[in-house]
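Trainee: File name entry.txt; file contents compact mmCIF, C-alpha atoms; full text below.
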```
# COMPACT_ATOMS: atom_id res chain seq x y z
CA MET A 1 0.00 0.00 0.00
CA LYS A 2 2.82 2.38 0.91
CA LYS A 3 4.52 1.66 -2.41
CA PHE A 4 1.32 2.56 -4.23
CA ILE A 5 1.00 5.86 -2.37
CA ILE A 6 4.63 6.78 -3.06
CA ALA A 7 4.30 5.82 -6.73
CA ALA A 8 1.12 7.89 -7.03
CA ALA A 9 2.81 10.88 -5.40
CA ILE A 10 5.76 10.62 -7.79
CA ALA A 11 3.42 10.36 -10.76
CA ALA A 12 1.46 13.40 -9.61
CA PHE A 13 4.64 15.41 -9.13
CA ALA A 14 5.90 14.38 -12.57
CA ALA A 15 2.59 15.36 -14.14
CA GLY A 16 2.72 18.75 -12.41
CA SER A 17 6.25 19.33 -13.65
CA ALA A 18 5.23 18.37 -17.16
CA PHE A 19 2.54 21.03 -17.19
CA ALA A 20 4.80 23.77 -15.81
CA GLU A 21 5.63 26.43 -18.40
CA ASN A 22 8.77 28.50 -18.75
CA ILE A 23 8.76 32.04 -20.11
CA LYS A 24 11.16 34.96 -20.31
CA VAL A 25 9.90 38.41 -19.32
CA GLY A 26 11.83 41.55 -20.23
CA VAL A 27 12.03 44.42 -17.77
CA THR A 28 14.09 47.55 -17.18
CA PRO A 29 16.16 47.96 -13.98
CA GLY A 30 14.56 49.37 -10.86
CA GLU A 31 10.95 48.96 -9.84
CA HIS A 32 9.94 46.89 -12.87
CA ALA A 33 12.65 44.31 -12.14
CA GLN A 34 12.01 44.30 -8.39
CA ILE A 35 8.27 43.78 -8.78
CA MET A 36 8.70 41.07 -11.42
CA GLU A 37 10.89 39.12 -9.00
CA LYS A 38 7.93 38.98 -6.61
CA VAL A 39 5.53 38.19 -9.45
CA ALA A 40 7.76 35.26 -10.40
CA GLU A 41 7.37 33.87 -6.88
CA VAL A 42 3.58 33.99 -7.17
CA ALA A 43 3.61 32.61 -10.72
CA LYS A 44 5.73 29.64 -9.67
CA THR A 45 2.96 28.47 -7.34
CA LYS A 46 0.66 28.51 -10.37
CA GLY A 47 2.96 26.39 -12.52
CA LEU A 48 4.60 29.24 -14.44
CA ASN A 49 8.36 29.70 -14.26
CA ILE A 50 9.52 33.20 -15.13
CA GLU A 51 13.06 34.04 -16.18
CA ILE A 52 13.61 37.77 -15.81
CA VAL A 53 15.68 39.48 -18.50
CA GLU A 54 16.84 43.05 -17.81
CA PHE A 55 17.32 45.61 -20.58
CA SER A 56 19.12 48.90 -20.04
CA ASP A 57 17.01 50.96 -22.44
CA TYR A 58 13.46 51.32 -23.79
CA VAL A 59 14.09 50.31 -27.39
CA VAL A 60 15.39 46.74 -27.22
CA PRO A 61 12.65 45.04 -25.11
CA ASN A 62 9.95 45.39 -27.76
CA GLN A 63 12.28 44.26 -30.52
CA ALA A 64 13.31 41.26 -28.42
CA LEU A 65 9.66 40.42 -27.85
CA ALA A 66 8.80 40.76 -31.54
CA ASP A 67 11.78 38.54 -32.41
CA GLY A 68 10.68 35.84 -29.96
CA ASP A 69 13.72 36.17 -27.68
CA ILE A 70 11.34 36.79 -24.77
CA GLN A 71 7.66 35.96 -24.34
CA ALA A 72 6.50 39.15 -22.58
CA ASN A 73 7.77 42.47 -21.30
CA SER A 74 6.81 44.79 -18.47
CA PHE A 75 8.48 48.19 -18.63
CA GLN A 76 6.41 50.64 -20.72
CA HIS A 77 3.21 52.65 -20.63
CA GLN A 78 0.48 52.36 -23.24
CA PRO A 79 1.30 55.57 -25.19
CA TYR A 80 4.90 54.40 -25.63
CA LEU A 81 3.70 50.99 -26.86
CA ASP A 82 1.28 52.65 -29.27
CA ASN A 83 4.09 54.77 -30.66
CA GLN A 84 6.40 51.76 -31.06
CA ILE A 85 3.70 49.82 -32.89
CA ALA A 86 3.03 52.74 -35.22
CA ASP A 87 6.71 53.33 -35.96
CA ARG A 88 8.03 49.77 -36.10
CA LYS A 89 4.91 47.80 -37.09
CA PHE A 90 5.26 45.42 -34.16
CA ASP A 91 2.41 42.94 -33.74
CA LEU A 92 2.27 43.43 -29.98
CA VAL A 93 -0.62 43.93 -27.55
CA SER A 94 -1.04 44.83 -23.89
CA ILE A 95 -2.84 42.26 -21.74
CA GLY A 96 -2.96 43.99 -18.36
CA THR A 97 -1.91 47.09 -16.45
CA THR A 98 0.85 47.09 -13.85
CA ILE A 99 1.97 50.31 -12.18
CA THR A 100 2.02 54.05 -12.61
CA THR A 101 5.34 55.76 -12.01
CA PRO A 102 4.94 59.54 -11.80
CA MET A 103 7.64 61.31 -13.80
CA GLY A 104 9.60 63.84 -11.80
CA VAL A 105 11.72 66.94 -12.37
CA TYR A 106 15.08 66.84 -10.57
CA SER A 107 17.86 69.35 -10.11
CA LYS A 108 21.14 69.80 -8.29
CA LYS A 109 21.11 73.54 -8.93
CA VAL A 110 17.65 74.81 -8.01
CA LYS A 111 15.00 73.83 -5.48
CA SER A 112 11.95 74.80 -7.52
CA LEU A 113 10.99 75.46 -11.12
CA ASP A 114 10.51 79.12 -10.20
CA GLU A 115 14.26 79.36 -9.56
CA LEU A 116 15.18 78.40 -13.13
CA LYS A 117 16.92 81.34 -14.77
CA GLU A 118 16.48 82.80 -18.24
CA GLY A 119 17.95 80.41 -20.82
CA ALA A 120 18.24 77.50 -18.38
CA THR A 121 18.83 74.04 -19.84
CA VAL A 122 16.31 71.32 -19.01
CA ALA A 123 16.99 67.74 -20.11
CA ILE A 124 14.16 65.50 -21.31
CA PRO A 125 14.05 61.94 -22.76
CA ASN A 126 14.93 61.76 -26.44
CA ASP A 127 12.27 59.20 -27.38
CA PRO A 128 9.07 60.82 -28.72
CA THR A 129 6.60 59.45 -26.18
CA ASN A 130 8.56 60.06 -22.99
CA GLY A 131 9.90 63.34 -24.34
CA GLY A 132 6.32 64.48 -24.91
CA ARG A 133 5.33 63.25 -21.47
CA ALA A 134 8.16 65.27 -19.91
CA LEU A 135 7.05 68.41 -21.75
CA LEU A 136 3.48 67.87 -20.54
CA VAL A 137 4.76 67.72 -16.96
CA LEU A 138 6.51 71.06 -17.42
CA ALA A 139 3.43 72.55 -19.05
CA SER A 140 1.26 71.36 -16.16
CA LYS A 141 3.54 73.36 -13.84
CA GLY A 142 3.18 76.52 -15.95
CA LEU A 143 6.72 76.56 -17.34
CA ILE A 144 5.65 76.31 -20.99
CA LYS A 145 2.46 76.28 -23.10
CA PHE A 146 1.55 74.39 -26.26
CA LYS A 147 -0.50 75.29 -29.28
CA ALA A 148 -4.18 74.40 -29.12
CA ASN A 149 -5.14 70.74 -29.67
CA ALA A 150 -1.54 69.55 -29.37
CA GLY A 151 -2.68 66.36 -27.60
CA ILE A 152 -0.24 64.13 -25.72
CA LYS A 153 2.19 63.58 -28.59
CA VAL A 154 3.77 66.97 -28.12
CA THR A 155 7.28 68.00 -29.13
CA VAL A 156 9.44 71.04 -28.56
CA ALA A 157 8.07 72.35 -31.88
CA ASP A 158 4.58 72.52 -30.36
CA ILE A 159 5.64 75.02 -27.68
CA VAL A 160 4.10 78.46 -28.26
CA GLU A 161 5.00 80.08 -24.93
CA ASN A 162 8.37 79.69 -23.25
CA PRO A 163 8.72 82.76 -20.99
CA LYS A 164 12.13 81.76 -19.61
CA ASN A 165 13.49 80.71 -23.02
CA ILE A 166 14.26 77.27 -21.67
CA ASP A 167 16.71 75.27 -23.79
CA PHE A 168 15.64 71.62 -24.01
CA ALA A 169 18.38 68.98 -24.20
CA GLU A 170 17.05 65.68 -25.53
CA ILE A 171 19.01 62.82 -23.95
CA ASP A 172 18.67 59.04 -23.77
CA ALA A 173 16.31 58.32 -20.87
CA ALA A 174 18.79 56.06 -19.07
CA GLN A 175 21.43 58.82 -19.08
CA LEU A 176 19.23 61.56 -17.61
CA PRO A 177 20.30 61.08 -13.96
CA ARG A 178 23.94 61.57 -15.02
CA SER A 179 23.01 64.74 -16.87
CA LEU A 180 22.08 66.48 -13.61
CA GLU A 181 25.69 67.61 -13.21
CA ASP A 182 25.55 69.44 -16.54
CA VAL A 183 22.00 70.81 -16.85
CA ASP A 184 19.85 73.02 -14.68
CA ALA A 185 17.11 70.38 -14.35
CA ALA A 186 16.05 67.06 -15.88
CA VAL A 187 12.71 65.32 -16.25
CA ILE A 188 13.38 61.68 -15.42
CA ASN A 189 11.34 58.48 -15.59
CA THR A 190 10.89 56.92 -12.16
CA ASN A 191 12.73 53.66 -12.87
CA TYR A 192 15.90 55.49 -13.90
CA ALA A 193 15.52 58.02 -11.09
CA MET A 194 15.21 55.30 -8.44
CA GLU A 195 18.09 53.33 -9.95
CA ALA A 196 20.20 56.47 -9.40
CA GLY A 197 19.06 56.73 -5.78
CA LEU A 198 16.43 59.44 -6.36
CA ASN A 199 12.98 59.19 -4.82
CA PRO A 200 10.21 61.03 -6.71
CA LYS A 201 8.30 61.87 -3.54
CA LYS A 202 11.32 63.24 -1.70
CA ASP A 203 13.80 64.48 -4.29
CA ALA A 204 11.74 65.80 -7.21
CA ILE A 205 11.24 69.57 -7.39
CA ALA A 206 8.06 68.90 -9.38
CA ILE A 207 6.12 65.71 -10.07
CA GLU A 208 3.55 64.45 -12.52
CA SER A 209 -0.08 64.29 -11.44
CA GLU A 210 -1.40 60.89 -10.33
CA LYS A 211 -4.14 61.35 -12.96
CA SER A 212 -1.58 60.79 -15.71
CA PRO A 213 -2.70 58.51 -18.58
CA TYR A 214 0.66 56.75 -18.51
CA ALA A 215 -0.15 53.47 -16.74
CA ASN A 216 2.39 50.74 -17.49
CA VAL A 217 1.35 47.50 -19.13
CA ILE A 218 2.30 43.85 -19.64
CA VAL A 219 2.91 43.22 -23.35
CA VAL A 220 2.98 40.04 -25.44
CA ARG A 221 2.90 39.14 -29.10
CA ALA A 222 -0.63 39.31 -30.48
CA ALA A 223 -0.55 35.58 -31.20
CA ASP A 224 -0.01 34.88 -27.48
CA LYS A 225 -2.63 37.18 -25.98
CA ASP A 226 -5.01 34.30 -25.17
CA ALA A 227 -2.34 31.81 -24.12
CA PRO A 228 -2.92 30.23 -20.68
CA TRP A 229 0.50 31.39 -19.49
CA ALA A 230 -0.35 34.98 -20.42
CA LYS A 231 -3.46 34.81 -18.25
CA THR A 232 -1.41 33.34 -15.41
CA LEU A 233 1.19 36.09 -15.75
CA VAL A 234 -1.46 38.81 -15.37
CA GLU A 235 -3.18 36.99 -12.51
CA SER A 236 0.15 36.66 -10.71
CA TYR A 237 0.94 40.34 -11.17
CA HIS A 238 -2.51 41.33 -9.92
CA ASP A 239 -2.20 39.20 -6.80
CA GLU A 240 -2.94 41.14 -3.61
CA SER A 241 0.52 40.29 -2.27
CA ILE A 242 2.05 42.24 -5.17
CA ARG A 243 -0.04 45.32 -4.39
CA LYS A 244 1.08 45.10 -0.76
CA PHE A 245 4.72 44.77 -1.83
CA ILE A 246 4.44 47.84 -4.07
CA ASP A 247 2.88 49.92 -1.29
CA GLU A 248 5.46 48.89 1.30
CA GLN A 249 8.52 48.93 -0.93
CA PHE A 250 8.00 52.18 -2.79
CA LYS A 251 5.93 54.20 -0.32
CA GLY A 252 3.88 56.04 -2.90
CA ALA A 253 6.64 56.60 -5.46
CA VAL A 254 5.16 53.73 -7.47
CA ILE A 255 1.40 53.08 -7.57
CA ALA A 256 -0.45 49.86 -8.45
CA SER A 257 -2.71 50.64 -11.42
CA TRP A 258 -5.12 47.71 -11.38
```
Go ahead and render the structure in this file as structure tokens.

Mentor:
Amino acid sequence: MKKFIIAAAIAAFAAGSAFAENIKVGVTPGEHAQIMEKVAEVAKTKGLNIEIVEFSDYVVPNQALADGDIQANSFQHQPYLDNQIADRKFDLVSIGTTITTPMGVYSKKVKSLDELKEGATVAIPNDPTNGGRALLVLASKGLIKFKANAGIKVTVADIVENPKNIDFAEIDAAQLPRSLEDVDAAVINTNYAMEAGLNPKKDAIAIESEKSPYANVIVVRAADKDAPWAKTLVESYHDESIRKFIDEQFKGAVIASW
């Protein structure tokens, strides 16, 4: 009888292992990587093994996903994905929201936007979506104004009022924290800010409104959007333990968006 029980247990374990799936999920350093590590723990209990692959910029993760090098990514907001799809014709879709990371303005030379002098240099991301987002943050604080009906895909060319004649330096998003030594201020994405030891709630001289439309998303190839593992990935991310981790770990600098 004991042999039968042991044999049955081994068979059940083998069957469970056979049904376990393995996927690679691309993330950027910082909060996206930290949260995905916790998501992987939850997913493992559901039979999904996640290998986390970190990318140092915003361009490669979508290309890697489109090429099949990874099965999903979690690093970008919906407007950025939409722009990538339009520009590069990727057949990618979002399958769930993750977090909102308010973009902040940082400076080592002034303590408020009001202190910026005539002709000051402000660095912003050089990719169209995040560059536009950065400009919208500055506009929301009254530093600049855009032409009517500019929408969210704004560029420096859309600025119609720039009272302080701010000079905008467009820099790779990952390099913005380093630029603080050379510019008067920089508008930095939260993941790169936190990687550099900056906290949006404490260190930013201005911060994006929590009502921002830039919620981050989990992205897969369109052909995989209904795959069982994709559903498990979203369910694991939306587990209550992940929300609790986000609240405790980031103390309001990162917000769960589901």

Trainee: Rank A:Ala253, A:Ala139, A:Val160, A:Val187 by their smallest atom-to-atom distance to Lys201 of chain A, using all atoms listed in the file, and report the top residue only.

Mentor: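 Checking each candidate against Lys201 of chain A, we get A:Ala253 as the closest.
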
Trainee: Which is closest to Asp158 of chain A among A:Lys145, A:Lys231, A:Lys211, A:Arg133, if we use only C-alpha atoms?

Mentor: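 Looking only at the distances to Asp158 of chain A, the closest residue turns out to be A:Lys145.
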
Trainee: For Asp69 of chain A, which of A:Lys164, A:His238, A:Lys24, A:Lys225 is the closest residue, counting all atoms listed in the file?

Mentor: A:Lys24

Trainee: Quick one: residues within 8 Å of Pro200 of chain A, only C-alpha atoms counted, chain neighbours fewer than 4 positions away excluded, as a ChimeraX atom specification?

Mentor: /A:102-104,190,193-194,204,207,253

Trainee: With 9 Å as the threshold, what does the neighbourhood of (3.3, 55.4, -25.5) contain in terms of residues, counting all atoms listed in the file? Coordinates are those of the file; answer as a ChimeraX atom specification.

Mentor: /A:76-84,128-130,153,214

Trainee: Which of these residues is nearest to Ile152 of chain A, using all atoms listed in the file: A:Ala223, A:Ile166, A:Leu136, A:Ile188?

Mentor: A:Leu136

Trainee: Report, in Å to a single decimal, how far apart atom CA of Val183 of chain A and atom CA of Ser56 of chain A are.

Mentor: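 Between atom CA of Ser56 of chain A and atom CA of Val183 of chain A the gap is 22.3 Å.
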
Trainee: Residues within 6 Å of Tyr106 of chain A, please, as a list of chain:residue names. Count all atoms listed in the file; anything in the same chain fewer than 3 positions from it doesn't count.

Mentor: A:Ala185, A:Ala186, A:Ala204, A:Ile205
